[in-house]
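K.L.:
Input structure: input-v2.txt, which contains compact mmCIF, C-alpha atoms and all ligand atoms.
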```txt
# COMPACT_ATOMS: atom_id res chain seq x y z
CA MET A 1 -99.47 32.82 -5.40
CA GLN A 2 -98.47 29.96 -7.70
CA ALA A 3 -95.48 27.70 -8.20
CA THR A 4 -94.44 24.38 -9.74
CA ALA A 5 -92.15 21.80 -8.15
CA ARG A 6 -90.64 18.56 -9.35
CA ALA A 7 -89.94 15.80 -6.83
CA ARG A 8 -88.58 12.35 -7.55
CA SER A 9 -89.85 9.05 -6.34
CA ASN A 10 -87.73 7.11 -3.89
CA ILE A 11 -87.40 3.49 -2.91
CA ALA A 12 -86.60 2.31 0.57
CA LEU A 13 -83.68 -0.07 1.13
CA VAL A 14 -84.57 -0.35 4.82
CA LYS A 15 -88.34 -0.23 4.76
CA TYR A 16 -91.00 1.87 6.47
CA TRP A 17 -93.93 -0.35 7.48
CA GLY A 18 -96.21 0.60 10.39
CA LYS A 19 -97.31 3.79 12.12
CA ARG A 20 -97.02 4.82 15.75
CA ASP A 21 -99.56 7.63 15.31
CA ALA A 22 -102.09 7.61 12.49
CA ALA A 23 -103.31 11.20 12.96
CA LEU A 24 -99.86 12.75 12.64
CA ASN A 25 -98.71 9.95 10.32
CA LEU A 26 -95.74 9.10 12.50
CA PRO A 27 -93.83 5.98 11.45
CA ALA A 28 -93.27 2.99 13.75
CA VAL A 29 -89.76 2.58 12.31
CA GLY A 30 -87.14 4.72 10.58
CA SER A 31 -86.16 4.03 6.98
CA ILE A 32 -83.33 4.52 4.49
CA SER A 33 -84.00 5.22 0.83
CA ILE A 34 -82.52 6.24 -2.48
CA THR A 35 -84.09 8.97 -4.60
CA LEU A 36 -84.62 8.03 -8.26
CA ASP A 37 -83.71 10.37 -11.09
CA GLN A 38 -86.15 9.39 -13.84
CA LEU A 39 -89.42 8.87 -11.93
CA TRP A 40 -90.99 12.15 -10.91
CA SER A 41 -94.11 14.16 -10.12
CA ASP A 42 -94.56 17.68 -11.45
CA THR A 43 -96.99 19.59 -9.28
CA HIS A 44 -98.42 23.04 -9.87
CA VAL A 45 -100.13 24.81 -6.98
CA GLN A 46 -102.14 28.00 -7.39
CA PHE A 47 -103.91 29.70 -4.49
CA ASP A 48 -107.09 31.38 -5.70
CA GLU A 49 -109.69 33.39 -3.80
CA ALA A 50 -112.41 32.17 -6.17
CA LEU A 51 -112.11 28.61 -4.78
CA THR A 52 -114.21 27.36 -1.86
CA LYS A 53 -112.18 24.14 -1.44
CA ASP A 54 -108.91 22.67 -2.62
CA ASP A 55 -109.21 21.16 -6.06
CA LEU A 56 -106.86 18.31 -7.04
CA LEU A 57 -106.26 17.03 -10.54
CA LEU A 58 -103.98 13.97 -10.66
CA ASP A 59 -102.87 13.01 -14.15
CA GLY A 60 -105.88 14.98 -15.42
CA HIS A 61 -108.43 13.24 -13.18
CA ARG A 62 -110.18 15.00 -10.31
CA GLN A 63 -109.53 13.22 -6.98
CA GLU A 64 -111.96 13.31 -4.06
CA GLN A 65 -110.50 10.77 -1.61
CA GLN A 66 -106.84 11.74 -1.84
CA SER A 67 -107.65 15.41 -1.52
CA MET A 68 -108.27 15.08 2.25
CA ARG A 69 -104.58 14.36 2.77
CA VAL A 70 -103.68 17.16 0.36
CA THR A 71 -105.86 19.60 2.29
CA ALA A 72 -104.29 18.47 5.59
CA CYS A 73 -100.80 19.33 4.26
CA LEU A 74 -101.96 22.61 2.77
CA ASP A 75 -103.72 23.57 6.03
CA ILE A 76 -100.38 23.45 7.86
CA LEU A 77 -98.80 25.73 5.26
CA ARG A 78 -101.83 28.05 5.19
CA GLU A 79 -101.65 28.46 8.93
CA LEU A 80 -97.95 29.34 8.75
CA ALA A 81 -98.70 31.87 5.99
CA GLY A 82 -101.77 33.31 7.75
CA THR A 83 -104.09 32.71 4.82
CA LYS A 84 -107.32 30.83 4.23
CA LEU A 85 -107.01 30.76 0.45
CA ARG A 86 -107.82 27.44 -1.23
CA ALA A 87 -105.63 26.00 -3.96
CA ARG A 88 -105.90 24.41 -7.36
CA ILE A 89 -103.37 21.56 -7.61
CA GLU A 90 -102.42 19.88 -10.84
CA SER A 91 -100.04 16.98 -10.47
CA ALA A 92 -98.70 14.61 -13.10
CA ASN A 93 -96.49 11.55 -12.73
CA ASN A 94 -94.24 10.38 -15.54
CA PHE A 95 -94.63 6.76 -14.29
CA PRO A 96 -97.54 4.47 -13.30
CA THR A 97 -99.55 5.80 -10.33
CA ALA A 98 -100.19 3.63 -7.23
CA ALA A 99 -98.52 0.45 -8.45
CA GLY A 100 -95.72 0.19 -5.91
CA LEU A 101 -93.60 2.94 -7.44
CA ALA A 102 -94.08 5.48 -4.66
CA SER A 103 -96.20 8.04 -6.51
CA SER A 104 -97.43 9.40 -3.17
CA ALA A 105 -93.81 10.02 -2.14
CA SER A 106 -92.96 12.21 -5.11
CA GLY A 107 -96.45 13.71 -5.24
CA PHE A 108 -96.59 14.97 -1.66
CA ALA A 109 -92.98 16.16 -1.69
CA ALA A 110 -93.70 18.21 -4.83
CA LEU A 111 -97.00 19.49 -3.39
CA VAL A 112 -95.44 20.77 -0.18
CA ALA A 113 -92.49 22.42 -1.95
CA ALA A 114 -94.72 24.06 -4.57
CA ALA A 115 -97.17 25.35 -1.94
CA ASP A 116 -94.28 26.66 0.20
CA ALA A 117 -92.98 28.58 -2.83
CA ALA A 118 -96.45 29.82 -3.85
CA LEU A 119 -96.98 31.19 -0.33
CA ASP A 120 -93.39 32.51 -0.19
CA LEU A 121 -92.84 30.79 3.16
CA GLN A 122 -89.25 29.77 2.39
CA LEU A 123 -89.28 26.87 4.83
CA GLY A 124 -86.11 24.81 5.16
CA PRO A 125 -85.93 21.26 3.80
CA ARG A 126 -86.32 19.68 7.25
CA GLU A 127 -89.58 21.58 7.82
CA LEU A 128 -90.78 20.61 4.35
CA SER A 129 -89.92 17.00 5.15
CA ILE A 130 -92.02 17.10 8.35
CA ILE A 131 -95.00 18.55 6.49
CA ALA A 132 -94.63 16.13 3.56
CA ARG A 133 -94.70 13.25 6.09
CA ARG A 134 -98.24 14.27 7.03
CA GLY A 135 -99.28 13.52 3.44
CA SER A 136 -97.30 10.30 3.08
CA GLY A 137 -94.56 8.84 5.23
CA SER A 138 -92.30 8.11 2.28
CA ALA A 139 -92.77 11.68 0.94
CA ALA A 140 -90.60 13.02 3.76
CA ARG A 141 -87.66 11.24 2.08
CA SER A 142 -88.34 12.62 -1.43
CA ILE A 143 -87.49 16.16 -0.30
CA PHE A 144 -83.83 15.07 -0.53
CA GLY A 145 -81.66 13.50 -3.23
CA GLY A 146 -79.22 10.60 -3.13
CA PHE A 147 -79.21 8.38 -0.02
CA VAL A 148 -81.69 9.54 2.64
CA GLU A 149 -82.57 8.50 6.17
CA MET A 150 -85.99 9.05 7.73
CA HIS A 151 -85.86 9.28 11.52
CA VAL A 152 -88.54 7.52 13.50
CA GLY A 153 -88.40 10.19 16.22
CA VAL A 154 -89.64 9.96 19.81
CA GLU A 155 -91.60 13.21 20.22
CA ARG A 156 -95.37 12.89 20.32
CA ASP A 157 -95.81 15.94 18.08
CA GLY A 158 -93.56 14.50 15.34
CA THR A 159 -91.05 17.37 15.34
CA ASP A 160 -88.14 14.89 15.32
CA SER A 161 -89.66 12.60 12.71
CA TYR A 162 -88.06 13.98 9.55
CA ALA A 163 -85.73 12.86 6.78
CA GLU A 164 -82.19 14.03 6.09
CA PRO A 165 -79.56 13.25 3.49
CA LEU A 166 -76.92 10.58 4.22
CA LEU A 167 -74.78 10.64 1.08
CA ASP A 168 -74.82 12.59 -2.19
CA ARG A 169 -75.79 10.69 -5.30
CA GLN A 170 -72.45 11.61 -6.95
CA ASP A 171 -70.59 9.90 -4.12
CA TRP A 172 -72.03 6.48 -4.93
CA PRO A 173 -73.78 6.59 -8.31
CA LEU A 174 -75.77 3.37 -8.15
CA HIS A 175 -78.34 2.47 -10.80
CA VAL A 176 -81.86 1.11 -10.47
CA LEU A 177 -83.78 -1.04 -12.93
CA VAL A 178 -87.51 -1.37 -12.33
CA ALA A 179 -89.13 -4.49 -13.74
CA ILE A 180 -92.82 -3.78 -14.36
CA THR A 181 -94.73 -7.04 -13.88
CA ALA A 182 -98.30 -5.70 -13.80
CA ARG A 183 -100.09 -2.46 -14.59
CA GLY A 184 -103.04 -0.89 -12.81
CA ARG A 185 -103.69 0.47 -9.36
CA LYS A 186 -103.12 -1.75 -6.34
CA GLU A 187 -106.10 -2.95 -4.34
CA ILE A 188 -104.91 -2.00 -0.84
CA SER A 189 -102.99 1.19 -0.15
CA SER A 190 -99.77 0.75 1.79
CA GLY A 191 -101.17 3.06 4.47
CA SER A 192 -104.09 0.80 5.33
CA GLY A 193 -101.97 -2.31 4.73
CA MET A 194 -99.39 -1.32 7.31
CA THR A 195 -102.10 -0.37 9.82
CA GLN A 196 -103.67 -3.83 9.41
CA SER A 197 -100.24 -5.47 9.78
CA ALA A 198 -99.60 -3.61 13.03
CA SER A 199 -102.87 -4.82 14.54
CA THR A 200 -103.01 -8.41 13.23
CA SER A 201 -99.62 -9.69 12.04
CA PRO A 202 -97.90 -11.90 14.64
CA TYR A 203 -94.56 -10.87 13.12
CA PHE A 204 -95.09 -7.11 13.40
CA GLU A 205 -93.51 -6.87 16.84
CA ALA A 206 -90.40 -8.72 15.64
CA TRP A 207 -90.25 -6.43 12.61
CA VAL A 208 -90.15 -3.30 14.81
CA LYS A 209 -87.75 -4.83 17.33
CA THR A 210 -85.14 -5.94 14.79
CA HIS A 211 -85.37 -2.79 12.68
CA PRO A 212 -82.83 -0.44 14.37
CA ALA A 213 -80.00 -2.93 13.72
CA ASP A 214 -80.89 -2.93 10.01
CA LEU A 215 -80.79 0.87 9.91
CA ASP A 216 -77.36 0.88 11.59
CA ALA A 217 -76.01 -1.76 9.18
CA ALA A 218 -77.34 0.02 6.08
CA ARG A 219 -76.03 3.41 7.22
CA GLN A 220 -72.58 1.94 7.79
CA ALA A 221 -72.63 0.16 4.41
CA ILE A 222 -73.60 3.40 2.67
CA PHE A 223 -70.86 5.44 4.36
CA ALA A 224 -68.33 2.71 3.45
CA ARG A 225 -69.79 2.22 -0.09
CA ASP A 226 -69.90 -1.47 0.79
CA PHE A 227 -72.17 -2.94 -1.88
CA ASP A 228 -72.38 -6.48 -0.52
CA HIS A 229 -73.36 -5.39 2.97
CA LEU A 230 -75.94 -2.96 1.65
CA ALA A 231 -77.29 -5.75 -0.56
CA ASP A 232 -77.62 -8.18 2.35
CA VAL A 233 -79.35 -5.79 4.73
CA SER A 234 -81.66 -4.38 2.03
CA GLU A 235 -82.87 -7.78 0.84
CA GLN A 236 -83.41 -8.92 4.41
CA SER A 237 -85.37 -5.77 5.32
CA CYS A 238 -87.55 -6.33 2.26
CA PHE A 239 -88.20 -9.98 3.10
CA LYS A 240 -88.97 -9.09 6.72
CA MET A 241 -91.47 -6.43 5.68
CA HIS A 242 -93.21 -8.87 3.35
CA ALA A 243 -93.17 -11.63 5.98
CA ALA A 244 -95.02 -9.27 8.35
CA ALA A 245 -97.38 -8.25 5.52
CA ILE A 246 -98.12 -11.80 4.36
CA ALA A 247 -98.90 -12.84 7.96
CA THR A 248 -101.47 -10.01 8.25
CA ASP A 249 -105.15 -10.97 8.56
CA PRO A 250 -106.42 -10.78 5.85
CA PRO A 251 -103.05 -11.46 4.18
CA LEU A 252 -101.22 -8.84 2.15
CA LEU A 253 -99.52 -10.64 -0.70
CA TYR A 254 -98.24 -7.95 -3.05
CA TRP A 255 -96.32 -10.33 -5.33
CA ASN A 256 -97.37 -12.12 -8.48
CA GLY A 257 -95.49 -15.07 -9.99
CA VAL A 258 -93.34 -12.84 -12.18
CA THR A 259 -92.30 -10.82 -9.11
CA VAL A 260 -90.92 -14.02 -7.58
CA ASP A 261 -89.19 -15.00 -10.85
CA CYS A 262 -87.45 -11.60 -10.85
CA ILE A 263 -86.31 -12.08 -7.23
CA HIS A 264 -84.76 -15.44 -8.10
CA ALA A 265 -83.09 -14.01 -11.21
CA VAL A 266 -81.52 -11.09 -9.34
CA ARG A 267 -80.28 -13.35 -6.55
CA ALA A 268 -78.81 -15.77 -9.10
CA LEU A 269 -76.93 -12.90 -10.74
CA ARG A 270 -75.43 -11.86 -7.42
CA ARG A 271 -74.36 -15.44 -6.68
CA ARG A 272 -72.41 -15.23 -9.95
CA GLY A 273 -70.64 -12.10 -8.70
CA VAL A 274 -72.73 -9.45 -10.48
CA PRO A 275 -73.13 -6.43 -8.15
CA VAL A 276 -76.92 -6.31 -7.96
CA PHE A 277 -79.63 -6.81 -5.33
CA PHE A 278 -83.40 -6.49 -5.35
CA THR A 279 -86.02 -4.67 -3.38
CA ASN A 280 -89.80 -4.55 -3.67
CA ASP A 281 -92.55 -2.50 -2.06
CA ALA A 282 -96.32 -2.66 -1.64
CA GLY A 283 -96.85 -3.76 -5.23
CA PRO A 284 -95.67 -6.31 -7.80
CA GLN A 285 -92.74 -4.41 -9.36
CA ILE A 286 -89.14 -5.44 -8.68
CA LYS A 287 -86.39 -2.88 -8.30
CA ALA A 288 -82.86 -4.11 -9.02
CA ILE A 289 -80.13 -1.88 -7.56
CA CYS A 290 -76.72 -2.29 -9.18
CA GLU A 291 -73.33 -0.79 -9.87
CA ALA A 292 -72.94 0.98 -13.24
CA SER A 293 -70.88 -1.92 -14.59
CA ALA A 294 -73.84 -4.31 -14.23
CA VAL A 295 -76.64 -2.23 -15.79
CA ASN A 296 -76.64 -3.85 -19.24
CA GLU A 297 -76.51 -7.42 -17.96
CA VAL A 298 -79.23 -6.86 -15.34
CA GLN A 299 -81.43 -5.11 -17.91
CA ALA A 300 -81.06 -8.02 -20.34
CA VAL A 301 -81.80 -10.68 -17.70
CA LEU A 302 -84.91 -8.90 -16.36
CA ALA A 303 -86.27 -8.08 -19.83
CA ASP A 304 -85.95 -11.75 -20.77
CA ILE A 305 -88.17 -13.04 -17.93
CA PRO A 306 -91.59 -14.07 -19.31
CA GLY A 307 -94.23 -11.67 -17.97
CA VAL A 308 -91.91 -8.70 -17.47
CA LEU A 309 -93.75 -5.97 -19.38
CA GLU A 310 -91.09 -3.29 -19.32
CA VAL A 311 -87.82 -2.45 -17.59
CA LEU A 312 -87.28 1.18 -16.55
CA GLN A 313 -83.73 2.43 -15.95
CA THR A 314 -82.66 5.25 -13.70
CA GLY A 315 -79.77 6.62 -11.74
CA LEU A 316 -80.04 8.39 -8.40
CA GLY A 317 -81.78 11.75 -8.41
CA PRO A 318 -81.65 15.14 -6.69
CA GLY A 319 -84.00 16.54 -4.09
CA VAL A 320 -87.14 18.53 -4.80
CA GLU A 321 -86.75 21.47 -7.21
CA ILE A 322 -88.83 24.57 -7.89
CA ARG A 323 -89.23 25.00 -11.65
C1 LIG B 401 -91.25 2.38 2.05
N1 LIG B 401 -93.60 1.88 1.64
O1 LIG B 401 -90.45 2.52 2.99
C2 LIG B 401 -92.42 1.48 2.31
C3 LIG B 401 -92.15 0.09 1.86
C4 LIG B 401 -94.23 0.79 0.97
C5 LIG B 401 -93.44 -0.39 1.31
O2 LIG B 401 -93.49 3.98 2.33
O3 LIG B 401 -99.53 5.75 4.75
O4 LIG B 401 -97.47 5.60 0.86
O5 LIG B 401 -98.86 7.44 3.06
O6 LIG B 401 -97.47 7.09 5.10
O7 LIG B 401 -95.61 6.48 2.33
C6 LIG B 401 -95.37 3.48 1.16
O8 LIG B 401 -96.10 4.02 2.19
O9 LIG B 401 -97.60 5.36 3.35
C7 LIG B 401 -94.09 3.11 1.74
P1 LIG B 401 -98.40 6.45 4.11
P2 LIG B 401 -96.68 5.49 2.10
O10 LIG B 401 -91.07 2.94 0.94
```
Could I get this structure in the form of structure tokens?

P.N.:
Amino acid sequence: MQATARARSNIALVKYWGKRDAALNLPAVGSISITLDQLWSDTHVQFDEALTKDDLLLDGHRQEQQSMRVTACLDILRELAGTKLRARIESANNFPTAAGLASSASGFAALVAAADAALDLQLGPRELSIIARRGSGSAARSIFGGFVEMHVGVERDGTDSYAEPLLDRQDWPLHVLVAITARGRKEISSGSGMTQSASTSPYFEAWVKTHPADLDAARQAIFARDFDHLADVSEQSCFKMHAAAIATDPPLLYWNGVTVDCIHAVRALRRRGVPVFFTNDAGPQIKAICEASAVNEVQAVLADIPGVLEVLQTGLGPGVEIR
């Protein structure tokens, strides 16, 4: 009745921002991501008849708020397994939690896979993806490695809102450098941020309407390994998401000054012909995606920007693993 899983974080190139159903956590838009090799959550789940409720330790600290979403995911798996047993969950990230590095993505993907193994349910990856989505929309993507697409789906029950792999990481081994520009937890979770954007941002409707074309363009660029086209559509999707977020009331400005300096630096490199582009999520860190040939130069440029605290390096990673 116990198992451990490792799932990697992922970053979206075409972003998820907005929900069409909060209860089932159904996204308003699809998304396309890459799974990162070196940023992961290790999650141990143990079902125990001595427990009266699920007990979550995240990086050694007991969590009360987050554990409602954990219990919601586990309830789905418990029902499938025909058990009422509660679980002890110990999860650890090897990277900063809740600072725009998608710790909920890796965390919920690892949770669902570990609980599936502990209950010996042997669900397929698509089913795991659907259940992980209930914990966190981006977690559905972390079930898979390499390039991944999350489908928005049309069904009200969410059965067609799952992720699936687009391209193996070996088939286009891009690299990612993460410039850390601030430490500490963010003030507003992306979940509540995107809900506020949907109800108050005048640009939210345009964001949703123009999104399918970005997904098509990114998918085609990935299949063709066309770096420049993937760069263009990814940067535009990121700017569009932030435009909708900034125009939210109250505004959601996730960037600090160093974030903006990093954006300019990455765009200047690409103008000089270096194969690199940036993306950024609901936090101040910048992710630079590049070809292997550009890693050293991009690393040096980012590390040299005043206020950049650290630059993490990673390749593309595999899907969730039982350990
Ligand atoms: C993404 N983000 O596509 C977007 C871009 C943040 C900005 O998915 O409410 O933590 O748990 O479903 O998955 C982060 O949102 O949101 C996210 P919930 P989640 O990566």

K.L.:
Around ligand LIG 401 (chain B), which protein and nucleic acid residues have at least one atom no more than 8 Å from it, if we count all atoms listed in the file? List them as an NGL selection string.

P.N.:
:A and (10-17 or 19 or 25-27 or 31-33 or 100 or 102-105 or 133-139 or 189-192 or 194 or 238 or 241 or 280-282)

K.L.:
Could you work out an axis-aligned bounding box for all listed atoms of segment 296-314 of chain A, with 4 Å added on each of the six sides, and give its centre and edge lengths in Å to one decimal, as AutoDock Vina command-line options?

P.N.:
```
--center_x -85.4 --center_y -4.4 --center_z -17.2 --size_x 25.7 --size_y 27.3 --size_z 15.1
```

K.L.:
Measuring between only C-alpha atoms, which one of A:Met68, A:Ala92, A:Val295, A:Leu74 shows the shortest distance to Leu128 of chain A?

P.N.:
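Closest to Leu128 of chain A of all the choices is A:Leu74.
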
K.L.:
Can you work out the spacing between atom CA of Val301 of chain A and atom CA of Ala265 of chain A in Å, to one decimal?

P.N.:
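So the two atoms, atom CA of Val301 of chain A and atom CA of Ala265 of chain A, lie 7.4 Å apart.
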
K.L.:
Could you give me, as a PyMOL selection string, the residues within 7 Å of segment 109-122 of chain A, counting only C-alpha atoms and dropping anything in the same chain fewer than 2 positions from it?

P.N.:
chain A and resi 1-7+41-46+77+81+105-107+124+128+132+139-140+142-143+320+322

K.L.:
Ranking A:Ile263, A:Met150, A:Leu101, A:Leu57 by minimum distance to Arg126 of chain A and counting only C-alpha atoms, which one comes first?

P.N.:
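Checking each of A:Ile263, A:Met150, A:Leu101, A:Leu57 against Arg126 of chain A, counting only C-alpha atoms, the winner is A:Met150.
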
K.L.:
Atom CA of Val276 of chain A and atom CA of Leu309 of chain A, how far apart in Å?

P.N.:
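Computing it gives 20.3 Å between the two atoms.
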
K.L.:
Which is closer to Ala221 of chain A than all the others in A:Ala206, A:Leu166, A:Val311, A:Val70, using only C-alpha atoms?

P.N.:
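Closest to Ala221 of chain A, using only C-alpha atoms: A:Leu166.
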
K.L.:
Atom CA of Asp37 of chain A and atom CA of Asn94 of chain A, how far apart in Å?

P.N.:
11.4 Å

K.L.:
Of the candidates A:Asp157, A:Glu149, A:Asp54, A:Glu164, which one gets nearest to Asp216 of chain A if we count all atoms listed in the file?

P.N.:
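Closest to Asp216 of chain A of all the choices is A:Glu149.
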
K.L.:
Point out the residue among A:Glu321, A:Glu291, A:Asp59, A:Asp261 with the least atom-to-atom distance to Leu177 of chain A, counting all atoms listed in the file.

P.N.:
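Closest to Leu177 of chain A of all the choices is A:Glu291.
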
K.L.:
Can you list, as a list in words, every protein, DNA or RNA residue that comes within 10 Å of Gly257 of chain A when you count only C-alpha atoms, leaving out same-chain residues fewer than 3 positions away?

P.N.:
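Surrounding residues, per the criterion: Thr181, Val260, Asp261, Cys262, Pro284 and Gly307 of chain A.
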
K.L.:
Which of these residues is nearest to Phe47 of chain A, using all atoms listed in the file: A:Arg86, A:Arg78, A:Lys240, A:His229?

P.N.:
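Among the listed residues, A:Arg86 lies closest to Phe47 of chain A.
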
K.L.:
Please write as number ranges by chain the list of polymer residues whose atoms come within 9 Å of (-77.1, -7.1, 8.3), counting all atoms listed in the file and keeping to the coordinates of the file.

P.N.:
A: 213-218, 229-234, 236-237
